[in-house]
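What follows is one structure encoded as C-alpha cells, with my remarks underneath.
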Amino acid sequence: MRNMDKEHNIFKLLKNEHFVKWVQNPTDDSNHFWSKWISNHKDQKKDVEIARRIIQSGRLKSNKQLAENQYDSMLDNIMAYADERKQTTGPYLTRTFWRYTAVAASLILMLLSLGLLMDFTSGTDDKMLSEFITKEAPFGSKVTTRLPDGSMVTLNSGSSITYPEHFNEDSRPVELSGEGFFEVEHNPSKPFIISFRDQTVTVLGTSFNIRAFDQESYAEVAVATGKVAYAVKSGSKVVLTANNKATLKKGSSQFEQTRVNELADFGWLNRVLYFESNSFEEIRLELEKWYGIEVQIDGNTPSGTYSGKFENASLDEVLTGLSFIYRFDFTIDDTNVLITIKPKQ
C-alpha cells in the first residue's frame with residue numbers, strides 16, 4: 001500500500017509545474033515556499049527527493065531487464081493512470097508536459113516493479129533531503145555566516161542568502177538577494193554556484209563580492225582573489241580574475257569590465273561608506289540601508305552628484321558632512337530622519 005501512496009505522491013509532484021520550475025530554476029520565493037511545504041509534509045520528504053532526482057537526471061540506467069509480463073503490466077498501469085488523470089485534470093496540460101509526466105511515470109513504475117526504489121535512493125539520507133536555510137542582514141546591520149562547506153559569506157544591509165542545510169554531492173548552490181562578499185572553500189570537484197536575478201556566478205574556491213539589489217538598475221561582480229565565471233541565463237558569460245569587475249545593466253546581456261575599486265567594491269566590509277558620482281537619491285537609499293532608517297525630504301530633491309567617503313561614521317556625522325554640500329538641515333528621531341532643503345540664496 002505504501003508503494004501505491006509513494007507512486008501517487010511522486011506523480012503529483014512531477015505533474016506540478018511549480019515544483020518542476022523550482023527544481024530546474026530555484027528562486028528565493030520558490031525556495032521559501034517548498035522549504036515550508038516539505039516541513040509541513042515530512043512524510044513525503046523522500047518522495048520529494050525522488051521526484052527532484054528524476055527531473056534533474058533526466059534518465060535512469062539499470063542493468064536489470066523487465067520480463068515481458070512485467071513490461072506489459074507496467075504499460076497497463078501507466079495507461080490506466082493516464083486515463084484516470086485525463087478525466088480529473090482536464091485539457092489544460094500541454095502535450096509536452098504530459099509526455100514528460102508519462103516518461104517519469106514509467107521510470108517510477110519500473111523502479112517499483114523491480115523493487116529498485118531502495119537502489120535509486122541509496123545514499124539518500126538527511127544530507128540529501130536538506131531543508132533550506134535563509135540568513136538575512138536587516139537594514140542597519142551586517143551579518144557574517146559560515147556555510148555547510150566552511151565557506152564564509154558577509155551580507156550587507158538589506159541582503160539575504162538561501163542555501164541547503166547540507167550541500168549535495170555535485171555542487172554547492174546558494175541564492176543571493178542584495179550584496180554579499182564570499183570567501184569560498186576550494187573544492188575542484190564541487191563547484192560553488194550563486195544565483196541572483198537571472199544570473200549566476202560559478203567558482204571552485206576564491207573570494208569576491210556580488211552586488212545585486214532589486215531596486216538598483218545593475219548587478220556587479222568584483223573579484224578579490226582567484227577566478228569566477230559570471231553568466232546570464234540568456235547565454236552571455238565572462239571569466240573574471242583577481243582585481244577585475246563586471247557590471248551588467250538590467251535588460252542587457254553585455255558585460256562592462258573594469259578594474260576593481262577597493263573602496264567602492266570592498267570598502268563596506270570595513271564600514272567605509274563610499275560614494276562615487278552618486279545622485280542624492282542614490283545616497284538617500286544607501287543611508288536607509290546602511291543605518292536602518294527612513295529618510296523624508298522636505299523640499300525639492302537636490303541635484304548634482306557627490307563623491308566622498310565616511311569611515312566608521314555615525315549617521316549624525318554623515319548627515320552633517322552632506323548638509324554642507326547640499327545645503328539642508330536635518331533632524332533625527334529614532335529611525336526617522338527629516339531633511340529640510342534650504343531655500344536658494
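Within each chain, counting starts at residue 1; across the C-alpha cells, chains are named A, B, ... in the order shown, with ligands numbered 1 upward in that order.
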With range 17-34 of chain A as the partner and 10 Å as the cut-off, tabulate the residues of range 181-245 of chain A that qualify, each row holding the nearest pair of atoms and their distance in Å to one decimal, using only C-alpha atoms, sorted by chain and rising number, as JSON lines.
{"residue": "A:Ser195", "atom": "CA", "partner": "A:Thr27", "partner_atom": "CA", "distance": 8.1}
{"residue": "A:Phe196", "atom": "CA", "partner": "A:Thr27", "partner_atom": "CA", "distance": 8.1}
{"residue": "A:Arg197", "atom": "CA", "partner": "A:Thr27", "partner_atom": "CA", "distance": 8.3}
{"residue": "A:Asp198", "atom": "CA", "partner": "A:Thr27", "partner_atom": "CA", "distance": 9.4}
### Task
Enumerate the residues of range 116-301 of chain A with a DSSP assignment of helix (DSSP H, G or I), computed from the backbone, and present them as a count of residues only.
25
### Message
So that I can check the surroundings of range 154-170 of chain A, please list as JSON, numbers by chain every protein, DNA and RNA residue that reaches within 6 Å of it, counting only C-alpha atoms and ignoring chain neighbours fewer than 6 positions away.
### Response
{"A": [127, 130, 131, 132, 133, 134, 135, 136, 137, 138, 139, 140, 141, 142, 143, 144, 148, 176, 177, 178, 179, 180, 181, 190, 289, 290]}
#### Entry: Option closest in space to Asp329 in chain A, from A:Ile341, A:Val239, A:Val260, A:Val174 [counting only C-alpha atoms]
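Ranked by minimum distance to Asp329 in chain A, first place goes to A:Ile341.
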### Task
Rounded to one decimal place, report the CA of Ile50 in chain A-CA of Ile10 in chain A distance in Å.
7.4 Å
